[in-house]
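Asks: So I've got this file, final_10.pdb, and it contains PDB, C-alpha atoms, pLDDT in the B column:
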```
MODEL        1
ATOM      1  CA  MET H  24     100.866 104.004  98.642  1.00 58.00           C
ATOM      2  CA  LEU H  25     103.197 106.754  99.891  1.00 77.00           C
ATOM      3  CA  GLN H  26     106.464 105.066  98.844  1.00 78.00           C
ATOM      4  CA  PRO H  27     109.230 105.357 100.006  1.00 90.00           C
ATOM      5  CA  ASN H  28     107.676 106.018 103.426  1.00 93.00           C
ATOM      6  CA  PRO H  29     106.383 102.989 105.356  1.00 95.00           C
ATOM      7  CA  ALA H  30     102.595 103.225 105.563  1.00 95.00           C
ATOM      8  CA  TYR H  31      99.712 100.956 106.464  1.00 94.00           C
ATOM      9  CA  ILE H  32      95.992 101.101 107.152  1.00 93.00           C
ATOM     10  CA  ILE H  33      94.674  99.379 110.265  1.00 94.00           C
ATOM     11  CA  GLY H  34      91.176  98.666 111.469  1.00 92.00           C
ATOM     12  CA  GLY H  35      89.993  99.569 114.948  1.00 89.00           C
ATOM     13  CA  ASN H  36      91.247  96.275 116.360  1.00 93.00           C
ATOM     14  CA  TYR H  37      94.687  96.672 114.712  1.00 94.00           C
ATOM     15  CA  ASP H  38      93.959  94.340 111.790  1.00 94.00           C
ATOM     16  CA  VAL H  39      96.254  95.389 108.933  1.00 95.00           C
ATOM     17  CA  LEU H  40      93.974  96.170 106.009  1.00 93.00           C
ATOM     18  CA  SER H  41      96.668  97.383 103.620  1.00 92.00           C
ATOM     19  CA  ASN H  42     100.368  98.197 103.666  1.00 93.00           C
ATOM     20  CA  ASN H  43     102.985  99.316 101.199  1.00 94.00           C
ATOM     21  CA  GLN H  44     106.283  97.639 100.341  1.00 93.00           C
ATOM     22  CA  ALA H  45     108.273  99.933 102.670  1.00 94.00           C
ATOM     23  CA  ALA H  46     106.064  98.887 105.623  1.00 94.00           C
ATOM     24  CA  HIS H  47     106.377  95.248 104.588  1.00 93.00           C
ATOM     25  CA  GLU H  48     110.182  95.590 104.744  1.00 93.00           C
ATOM     26  CA  LEU H  49     110.225  97.536 108.032  1.00 94.00           C
ATOM     27  CA  PHE H  50     107.770  95.223 109.820  1.00 95.00           C
ATOM     28  CA  PRO H  51     108.807  91.717 108.712  1.00 91.00           C
ATOM     29  CA  ARG H  52     106.514  88.782 109.351  1.00 87.00           C
ATOM     30  CA  LEU H  53     103.454  91.038 109.682  1.00 85.00           C
ATOM     31  CA  VAL H  54     101.502  88.576 107.575  1.00 77.00           C
ATOM     32  CA  THR H  55      97.995  87.288 107.135  1.00 73.00           C
ATOM     33  CA  GLU H  56      97.428  83.829 108.588  1.00 71.00           C
ATOM     34  CA  ALA H  57      95.069  81.235 107.126  1.00 69.00           C
ATOM     35  CA  ASP H  58      92.229  82.005 109.546  1.00 75.00           C
ATOM     36  CA  ARG H  59      92.758  85.714 110.242  1.00 79.00           C
ATOM     37  CA  PRO H  60      94.247  88.915 108.816  1.00 85.00           C
ATOM     38  CA  ALA H  61      97.595  90.317 109.866  1.00 92.00           C
ATOM     39  CA  ASN H  62      97.247  92.215 113.130  1.00 95.00           C
ATOM     40  CA  PHE H  63      99.682  94.788 114.459  1.00 96.00           C
ATOM     41  CA  ALA H  64      98.986  94.025 118.147  1.00 96.00           C
ATOM     42  CA  ARG H  65      99.551  90.298 117.590  1.00 96.00           C
ATOM     43  CA  TRP H  66     102.767  91.143 115.753  1.00 96.00           C
ATOM     44  CA  VAL H  67     104.082  93.323 118.596  1.00 97.00           C
ATOM     45  CA  PHE H  68     103.366  90.784 121.342  1.00 97.00           C
ATOM     46  CA  LEU H  69     103.552  87.406 119.616  1.00 95.00           C
ATOM     47  CA  GLU H  70     106.119  87.792 116.821  1.00 95.00           C
ATOM     48  CA  PRO H  71     109.699  87.612 118.199  1.00 95.00           C
ATOM     49  CA  VAL H  72     111.133  89.827 115.434  1.00 96.00           C
ATOM     50  CA  ALA H  73     109.034  92.745 116.769  1.00 96.00           C
ATOM     51  CA  ARG H  74     111.339  93.011 119.793  1.00 97.00           C
ATOM     52  CA  ASP H  75     114.235  93.640 117.442  1.00 96.00           C
ATOM     53  CA  VAL H  76     112.399  96.053 115.142  1.00 97.00           C
ATOM     54  CA  LEU H  77     110.914  98.150 117.966  1.00 97.00           C
ATOM     55  CA  VAL H  78     114.105  99.457 119.541  1.00 96.00           C
ATOM     56  CA  ASP H  79     112.171 100.615 122.622  1.00 96.00           C
ATOM     57  CA  TRP H  80     109.918  97.552 122.686  1.00 97.00           C
ATOM     58  CA  GLU H  81     108.544  97.761 126.231  1.00 96.00           C
ATOM     59  CA  PRO H  82     107.263 101.360 126.191  1.00 94.00           C
ATOM     60  CA  GLU H  83     105.941 100.879 122.639  1.00 94.00           C
ATOM     61  CA  ALA H  84     104.193  97.633 123.607  1.00 95.00           C
ATOM     62  CA  ARG H  85     102.714  99.167 126.770  1.00 94.00           C
ATOM     63  CA  GLY H  86     101.434 102.133 124.761  1.00 91.00           C
ATOM     64  CA  LEU H  87      99.850  99.901 122.157  1.00 93.00           C
ATOM     65  CA  LEU H  88      98.181  97.818 124.859  1.00 93.00           C
ATOM     66  CA  GLY H  89      96.818 100.992 126.467  1.00 90.00           C
ATOM     67  CA  ARG H  90      95.371 102.128 123.136  1.00 89.00           C
ATOM     68  CA  LEU H  91      93.902  98.661 122.562  1.00 92.00           C
ATOM     69  CA  ARG H  92      92.266  98.791 126.002  1.00 90.00           C
ATOM     70  CA  THR H  93      90.694 102.150 125.103  1.00 88.00           C
ATOM     71  CA  LEU H  94      89.333 100.754 121.830  1.00 88.00           C
ATOM     72  CA  ALA H  95      88.141  97.492 123.411  1.00 90.00           C
ATOM     73  CA  ALA H  96      86.193  99.451 126.037  1.00 88.00           C
ATOM     74  CA  ARG H  97      84.355 101.271 123.226  1.00 88.00           C
ATOM     75  CA  HIS H  98      83.483  97.915 121.641  1.00 90.00           C
ATOM     76  CA  SER H  99      82.582  95.873 124.694  1.00 89.00           C
ATOM     77  CA  GLY H 100      81.448  92.410 123.680  1.00 90.00           C
ATOM     78  CA  ASP H 101      82.695  92.715 120.074  1.00 93.00           C
ATOM     79  CA  PRO H 102      84.126  89.269 119.229  1.00 93.00           C
ATOM     80  CA  ARG H 103      86.982  90.797 117.179  1.00 92.00           C
ATOM     81  CA  TYR H 104      88.341  92.456 120.311  1.00 94.00           C
ATOM     82  CA  THR H 105      87.487  89.557 122.612  1.00 94.00           C
ATOM     83  CA  ARG H 106      89.376  87.076 120.421  1.00 93.00           C
ATOM     84  CA  LEU H 107      92.364  89.390 120.016  1.00 95.00           C
ATOM     85  CA  ILE H 108      92.654  90.008 123.756  1.00 95.00           C
ATOM     86  CA  GLU H 109      92.328  86.280 124.454  1.00 95.00           C
ATOM     87  CA  ASP H 110      95.076  85.511 121.903  1.00 94.00           C
ATOM     88  CA  LEU H 111      97.364  88.141 123.394  1.00 96.00           C
ATOM     89  CA  ASN H 112      96.765  86.944 126.962  1.00 96.00           C
ATOM     90  CA  GLU H 113      97.386  83.358 125.944  1.00 96.00           C
ATOM     91  CA  GLY H 114     100.618  84.058 124.063  1.00 96.00           C
ATOM     92  CA  SER H 115     102.241  86.927 125.937  1.00 97.00           C
ATOM     93  CA  PRO H 116     103.298  87.031 129.593  1.00 97.00           C
ATOM     94  CA  GLN H 117     103.604  90.825 129.293  1.00 96.00           C
ATOM     95  CA  VAL H 118      99.955  91.164 128.265  1.00 96.00           C
ATOM     96  CA  ARG H 119      98.943  88.921 131.179  1.00 96.00           C
ATOM     97  CA  ASP H 120     100.932  91.188 133.536  1.00 94.00           C
ATOM     98  CA  TRP H 121     100.016  94.575 132.033  1.00 93.00           C
ATOM     99  CA  TRP H 122      96.339  94.149 131.050  1.00 90.00           C
ATOM    100  CA  PRO H 123      95.092  94.129 134.679  1.00 87.00           C
ATOM    101  CA  GLN H 124      96.822  97.494 135.279  1.00 83.00           C
ATOM    102  CA  TYR H 125      94.020  99.233 133.328  1.00 70.00           C
ATOM    103  CA  GLU H 126      96.286 101.684 131.526  1.00 68.00           C
ATOM    104  CA  VAL H 127      94.572 103.571 128.710  1.00 64.00           C
ATOM    105  CA  GLN H 128      96.118 105.780 126.071  1.00 61.00           C
ATOM    106  CA  ALA H 129      95.293 107.699 122.924  1.00 63.00           C
ATOM    107  CA  ARG H 130      97.933 108.866 120.469  1.00 60.00           C
ATOM    108  CA  HIS H 131      97.845 110.167 116.923  1.00 69.00           C
ATOM    109  CA  SER H 132     101.469 111.066 116.212  1.00 78.00           C
ATOM    110  CA  GLY H 133     104.906 110.879 117.721  1.00 86.00           C
ATOM    111  CA  ARG H 134     108.356 109.428 117.283  1.00 91.00           C
ATOM    112  CA  LYS H 135     109.656 105.869 117.319  1.00 92.00           C
ATOM    113  CA  ARG H 136     113.031 104.235 116.996  1.00 95.00           C
ATOM    114  CA  LEU H 137     112.760 101.308 114.610  1.00 95.00           C
ATOM    115  CA  ARG H 138     115.464  98.980 113.360  1.00 94.00           C
ATOM    116  CA  HIS H 139     115.449  99.271 109.576  1.00 92.00           C
ATOM    117  CA  PRO H 140     116.789  96.169 107.781  1.00 91.00           C
ATOM    118  CA  GLN H 141     119.418  98.188 105.863  1.00 90.00           C
ATOM    119  CA  ARG H 142     119.989 101.297 108.007  1.00 89.00           C
ATOM    120  CA  GLY H 143     119.807  99.827 111.506  1.00 92.00           C
ATOM    121  CA  ALA H 144     118.242 101.820 114.357  1.00 94.00           C
ATOM    122  CA  THR H 145     116.476 104.783 112.768  1.00 94.00           C
ATOM    123  CA  ASP H 146     114.386 107.595 114.230  1.00 95.00           C
ATOM    124  CA  TYR H 147     110.959 107.901 112.629  1.00 94.00           C
ATOM    125  CA  ALA H 148     108.257 110.507 112.996  1.00 93.00           C
ATOM    126  CA  TYR H 149     104.812 109.036 112.451  1.00 92.00           C
ATOM    127  CA  THR H 150     101.317 110.376 112.052  1.00 91.00           C
ATOM    128  CA  ALA H 151      98.025 108.525 112.237  1.00 90.00           C
ATOM    129  CA  PHE H 152      95.112 109.779 110.154  1.00 90.00           C
ATOM    130  CA  HIS H 153      91.577 108.580 110.749  1.00 85.00           C
ATOM    131  CA  LEU H 154      89.831 108.055 107.446  1.00 79.00           C
ATOM    132  CA  ALA H 155      86.817 110.355 107.123  1.00 80.00           C
ATOM    133  CA  GLU H 156      84.517 107.811 105.524  1.00 83.00           C
ATOM    134  CA  GLN H 157      85.733 104.931 107.738  1.00 84.00           C
ATOM    135  CA  PRO H 158      86.501 106.399 111.206  1.00 80.00           C
ATOM    136  CA  GLU H 159      87.473 102.953 112.568  1.00 85.00           C
ATOM    137  CA  GLN H 160      90.282 102.811 110.000  1.00 91.00           C
ATOM    138  CA  THR H 161      93.586 104.599 110.476  1.00 91.00           C
ATOM    139  CA  LEU H 162      96.321 105.404 107.972  1.00 93.00           C
ATOM    140  CA  VAL H 163      99.716 105.405 109.707  1.00 93.00           C
ATOM    141  CA  VAL H 164     102.691 106.951 107.878  1.00 95.00           C
ATOM    142  CA  TYR H 165     106.312 106.852 109.030  1.00 94.00           C
ATOM    143  CA  VAL H 166     108.971 109.313 107.884  1.00 94.00           C
ATOM    144  CA  ASP H 167     112.671 108.806 108.581  1.00 90.00           C
ATOM    145  CA  SER H 168     113.305 111.920 110.667  1.00 86.00           C
ATOM    146  CA  SER H 169     117.093 111.662 110.300  1.00 77.00           C
ATOM    147  CA  ALA H 170     117.109 111.619 106.475  1.00 63.00           C
ATOM    148  CA  PRO H 171     116.750 114.602 104.169  1.00 58.00           C
ATOM    149  CA  ALA H 172     113.161 115.108 103.049  1.00 54.00           C
ATOM    150  CA  ALA H 173     112.271 112.878 100.116  1.00 51.00           C
ATOM    151  CA  GLU H 174     109.345 113.255  97.802  1.00 52.00           C
ATOM    152  CA  ALA H 175     106.672 110.631  98.400  1.00 49.00           C
ATOM    153  CA  GLN H 176     105.619 108.663  95.340  1.00 49.00           C
ATOM    154  CA  PRO H 177     101.973 107.744  94.842  1.00 48.00           C
TER     155      PRO H 177
ENDMDL
END
```
Will you turn the file into structure tokens for me?

Replies:
Amino acid sequence: MLQPNPAYIIGGNYDVLSNNQAAHELFPRLVTEADRPANFARWVFLEPVARDVLVDWEPEARGLLGRLRTLAARHSGDPRYTRLIEDLNEGSPQVRDWWPQYEVQARHSGRKRLRHPQRGATDYAYTAFHLAEQPEQTLVVYVDSSAPAAEAQP
């Protein structure tokens, strides 16, 4: 899927439904646990390596939490969101501090600085595509914006 560009598909609650090898390398330890799928929000707030990978961790984490708040409001009472928010509140002092601030956010593309395991801090452009037949699912693709354009492989 889109090699060599990191790409993944997430559900509405940030469960990782699929990812390619490049995403697996860029986002280490984003793994499925015995009782639940990998989840990007859990990774950002509960996996220590995320603070190294996301060069600008705090603004990225705040933005993600704002987007999660927007999605959770649309799915009030949905146990997938309730459990995720409880897990994040339990495990992250930042979530406990920031959640009550009621920040909301929507974003579909932008730029991020991520620490690549071989290239170090790297600027990426990313775009999020909502899948037409599954609007709750989003394909996110990252492109190294400092490298010459490379042809994506299927």

Asks: Per residue of range 128-152 of chain H within 12 Å of range 50-53 of chain H, note the shortest atom pair and the distance in Å to one decimal, counting all atoms listed in the file, and order the rows by chain and increasing residue number, as a tab-separated table.

Replies:
```
residue	atom	partner	partner_atom	distance
H:Leu137	CA	H:Phe50	CA	9.2
H:Arg138	CA	H:Phe50	CA	9.3
H:His139	CA	H:Phe50	CA	8.7
H:Pro140	CA	H:Pro51	CA	9.2
```

Asks: I'd like the neighbourhood of range 82-86 of chain H as a list in words, where a residue qualifies if any of its atoms comes within 10 Å (using all atoms listed in the file), though same-chain residues fewer than 2 positions away should be ignored.

Replies: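 Result of the neighbour search: Ala64, Val67, Phe68, Ala73, Arg74, Leu77, Val78, Asp79, Trp80, Leu88, Gly89, Arg90, Leu91, Arg92, Gln117, Val118, Trp121, Trp122, Glu126, Val127, Gln128, Ala129, Arg130, Lys135 and Arg136 of chain H.
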
Asks: Could you please take those selected residues and save C-alpha atoms as a PDB file, in the coordinates of the input?

Replies:
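Dumped to selection.pdb:
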```pdb
ATOM      1  CA  ALA H  64      98.986  94.025 118.147  1.00 96.00           C
ATOM      2  CA  VAL H  67     104.082  93.323 118.596  1.00 97.00           C
ATOM      3  CA  PHE H  68     103.366  90.784 121.342  1.00 97.00           C
ATOM      4  CA  ALA H  73     109.034  92.745 116.769  1.00 96.00           C
ATOM      5  CA  ARG H  74     111.339  93.011 119.793  1.00 97.00           C
ATOM      6  CA  LEU H  77     110.914  98.150 117.966  1.00 97.00           C
ATOM      7  CA  VAL H  78     114.105  99.457 119.541  1.00 96.00           C
ATOM      8  CA  ASP H  79     112.171 100.615 122.622  1.00 96.00           C
ATOM      9  CA  TRP H  80     109.918  97.552 122.686  1.00 97.00           C
ATOM     10  CA  LEU H  88      98.181  97.818 124.859  1.00 93.00           C
ATOM     11  CA  GLY H  89      96.818 100.992 126.467  1.00 90.00           C
ATOM     12  CA  ARG H  90      95.371 102.128 123.136  1.00 89.00           C
ATOM     13  CA  LEU H  91      93.902  98.661 122.562  1.00 92.00           C
ATOM     14  CA  ARG H  92      92.266  98.791 126.002  1.00 90.00           C
ATOM     15  CA  GLN H 117     103.604  90.825 129.293  1.00 96.00           C
ATOM     16  CA  VAL H 118      99.955  91.164 128.265  1.00 96.00           C
ATOM     17  CA  TRP H 121     100.016  94.575 132.033  1.00 93.00           C
ATOM     18  CA  TRP H 122      96.339  94.149 131.050  1.00 90.00           C
ATOM     19  CA  GLU H 126      96.286 101.684 131.526  1.00 68.00           C
ATOM     20  CA  VAL H 127      94.572 103.571 128.710  1.00 64.00           C
ATOM     21  CA  GLN H 128      96.118 105.780 126.071  1.00 61.00           C
ATOM     22  CA  ALA H 129      95.293 107.699 122.924  1.00 63.00           C
ATOM     23  CA  ARG H 130      97.933 108.866 120.469  1.00 60.00           C
ATOM     24  CA  LYS H 135     109.656 105.869 117.319  1.00 92.00           C
ATOM     25  CA  ARG H 136     113.031 104.235 116.996  1.00 95.00           C
TER      26      ARG H 136
END
```

Asks: If we count only C-alpha atoms and set the cut-off at 12 Å, which residues sit around Asp110 in chain H, ignoring sequence neighbours fewer than 6 positions away in its own chain? Please answer as a list in words.

Replies: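 My list of contacting residues is Arg59, Asn62, Ala64, Arg65, Trp66, Phe68, Leu69, Pro102, Arg103, Tyr104, Pro116, Val118 and Arg119 of chain H.
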
Asks: On this structure, the PyMOL selection byres ((chain H and resi 167) around 8) would catch which residues? List them as number ranges by chain, sorted by chain and number.

Replies: H: 28, 145-148, 165-166, 168-170

Asks: Which of these residues is nearest to Asn36 in chain H, using all atoms listed in the file: H:Ala95, H:Leu111, H:Val164, H:Ala144?

Replies: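 Distance minimum relative to Asn36 in chain H lands on H:Ala95.
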
Asks: May I ask for the distance between CA of Gln160 in chain H and CA of Gln26 in chain H, given in Å to one decimal place?

Replies: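 That distance, rounded to one decimal, is 19.8 Å.
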
Asks: For a test of reading the model, state the distance in Å between CA of Thr93 in chain H and CA of Gly35 in chain H, rounded to one decimal.

Replies: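 Result for CA of Thr93 in chain H versus CA of Gly35 in chain H: 10.5 Å, one decimal.
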
Asks: So, with all atoms listed in the file as the atoms that count, which of H:Gly133, H:Pro27, H:Pro60, H:Pro71 lies closest to Gly114 in chain H?

Replies: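 Using all atoms listed in the file, Gly114 in chain H sits closest to H:Pro71.
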
Asks: Using only C-alpha atoms, which of H:Leu40, H:Ile108, H:Ala45, H:Val76 sits nearest Leu25 in chain H?

Replies: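 Ranked by minimum distance to Leu25 in chain H, first place goes to H:Ala45.
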
Asks: May I have the centre and edge lengths, in Å to one decimal, of an axis-aligned box around the listed atoms of range 99-107 of chain H with 3 Å added to every side, as JSON?

Replies:
```
{"center_x": 86.9, "center_y": 91.5, "center_z": 120.9, "size_x": 16.9, "size_y": 14.8, "size_z": 13.5}
```

Asks: Can you work out the spacing between CA of Thr105 in chain H and CA of Tyr37 in chain H in Å, to one decimal?

Replies: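 So the answer is 12.8 Å.
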
Asks: Could N, CA, C and O atoms be built for range 100-121 of chain H and written out as an mmCIF file, keeping the file's coordinate frame?

Replies:
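So the final result, stored in part-v9.cif, reads:
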```cif
data_model
loop_
_atom_site.group_PDB
_atom_site.id
_atom_site.type_symbol
_atom_site.label_atom_id
_atom_site.label_comp_id
_atom_site.auth_asym_id
_atom_site.auth_seq_id
_atom_site.Cartn_x
_atom_site.Cartn_y
_atom_site.Cartn_z
ATOM 1 N N GLY H 100 82.194 93.548 124.190
ATOM 2 C CA GLY H 100 81.448 92.410 123.680
ATOM 3 C C GLY H 100 81.678 92.102 122.210
ATOM 4 O O GLY H 100 81.209 91.086 121.713
ATOM 5 N N ASP H 101 82.398 92.951 121.483
ATOM 6 C CA ASP H 101 82.695 92.715 120.074
ATOM 7 C C ASP H 101 83.661 91.535 119.977
ATOM 8 O O ASP H 101 84.753 91.575 120.536
ATOM 9 N N PRO H 102 83.279 90.460 119.272
ATOM 10 C CA PRO H 102 84.126 89.269 119.229
ATOM 11 C C PRO H 102 85.507 89.501 118.611
ATOM 12 O O PRO H 102 86.452 88.789 118.941
ATOM 13 N N ARG H 103 85.655 90.515 117.743
ATOM 14 C CA ARG H 103 86.982 90.797 117.179
ATOM 15 C C ARG H 103 87.956 91.197 118.279
ATOM 16 O O ARG H 103 89.112 90.771 118.274
ATOM 17 N N TYR H 104 87.490 92.017 119.204
ATOM 18 C CA TYR H 104 88.341 92.456 120.311
ATOM 19 C C TYR H 104 88.512 91.343 121.338
ATOM 20 O O TYR H 104 89.612 91.122 121.846
ATOM 21 N N THR H 105 87.426 90.644 121.633
ATOM 22 C CA THR H 105 87.487 89.557 122.612
ATOM 23 C C THR H 105 88.505 88.506 122.184
ATOM 24 O O THR H 105 89.358 88.094 122.975
ATOM 25 N N ARG H 106 88.444 88.097 120.919
ATOM 26 C CA ARG H 106 89.376 87.076 120.421
ATOM 27 C C ARG H 106 90.808 87.590 120.447
ATOM 28 O O ARG H 106 91.728 86.861 120.839
ATOM 29 N N LEU H 107 91.023 88.823 120.022
ATOM 30 C CA LEU H 107 92.364 89.390 120.016
ATOM 31 C C LEU H 107 92.941 89.424 121.427
ATOM 32 O O LEU H 107 94.081 89.003 121.658
ATOM 33 N N ILE H 108 92.173 89.908 122.377
ATOM 34 C CA ILE H 108 92.654 90.008 123.756
ATOM 35 C C ILE H 108 92.924 88.622 124.331
ATOM 36 O O ILE H 108 93.930 88.417 125.025
ATOM 37 N N GLU H 109 92.074 87.659 124.011
ATOM 38 C CA GLU H 109 92.328 86.280 124.454
ATOM 39 C C GLU H 109 93.618 85.741 123.857
ATOM 40 O O GLU H 109 94.431 85.130 124.565
ATOM 41 N N ASP H 110 93.838 85.967 122.560
ATOM 42 C CA ASP H 110 95.076 85.511 121.903
ATOM 43 C C ASP H 110 96.308 86.147 122.541
ATOM 44 O O ASP H 110 97.311 85.473 122.784
ATOM 45 N N LEU H 111 96.220 87.440 122.805
ATOM 46 C CA LEU H 111 97.364 88.141 123.394
ATOM 47 C C LEU H 111 97.640 87.645 124.806
ATOM 48 O O LEU H 111 98.794 87.433 125.190
ATOM 49 N N ASN H 112 96.589 87.460 125.598
ATOM 50 C CA ASN H 112 96.765 86.944 126.962
ATOM 51 C C ASN H 112 97.350 85.542 126.957
ATOM 52 O O ASN H 112 98.201 85.214 127.783
ATOM 53 N N GLU H 113 96.903 84.733 126.023
ATOM 54 C CA GLU H 113 97.386 83.358 125.944
ATOM 55 C C GLU H 113 98.863 83.296 125.546
ATOM 56 O O GLU H 113 99.624 82.501 126.078
ATOM 57 N N GLY H 114 99.272 84.161 124.619
ATOM 58 C CA GLY H 114 100.618 84.058 124.063
ATOM 59 C C GLY H 114 101.663 84.969 124.645
ATOM 60 O O GLY H 114 102.853 84.807 124.356
ATOM 61 N N SER H 115 101.271 85.940 125.465
ATOM 62 C CA SER H 115 102.241 86.927 125.937
ATOM 63 C C SER H 115 102.184 87.105 127.452
ATOM 64 O O SER H 115 101.181 87.579 127.985
ATOM 65 N N PRO H 116 103.276 86.790 128.146
ATOM 66 C CA PRO H 116 103.298 87.031 129.593
ATOM 67 C C PRO H 116 103.197 88.524 129.926
ATOM 68 O O PRO H 116 102.641 88.890 130.959
ATOM 69 N N GLN H 117 103.701 89.381 129.040
ATOM 70 C CA GLN H 117 103.604 90.825 129.293
ATOM 71 C C GLN H 117 102.145 91.280 129.264
ATOM 72 O O GLN H 117 101.725 92.073 130.108
ATOM 73 N N VAL H 118 101.371 90.791 128.310
ATOM 74 C CA VAL H 118 99.955 91.164 128.265
ATOM 75 C C VAL H 118 99.259 90.675 129.532
ATOM 76 O O VAL H 118 98.468 91.404 130.142
ATOM 77 N N ARG H 119 99.554 89.449 129.946
ATOM 78 C CA ARG H 119 98.943 88.921 131.179
ATOM 79 C C ARG H 119 99.299 89.793 132.385
ATOM 80 O O ARG H 119 98.473 90.010 133.268
ATOM 81 N N ASP H 120 100.518 90.328 132.426
ATOM 82 C CA ASP H 120 100.932 91.188 133.536
ATOM 83 C C ASP H 120 100.373 92.605 133.423
ATOM 84 O O ASP H 120 99.975 93.203 134.420
ATOM 85 N N TRP H 121 100.369 93.162 132.214
ATOM 86 C CA TRP H 121 100.016 94.575 132.033
ATOM 87 C C TRP H 121 98.525 94.823 131.892
ATOM 88 O O TRP H 121 98.040 95.887 132.283
#
```
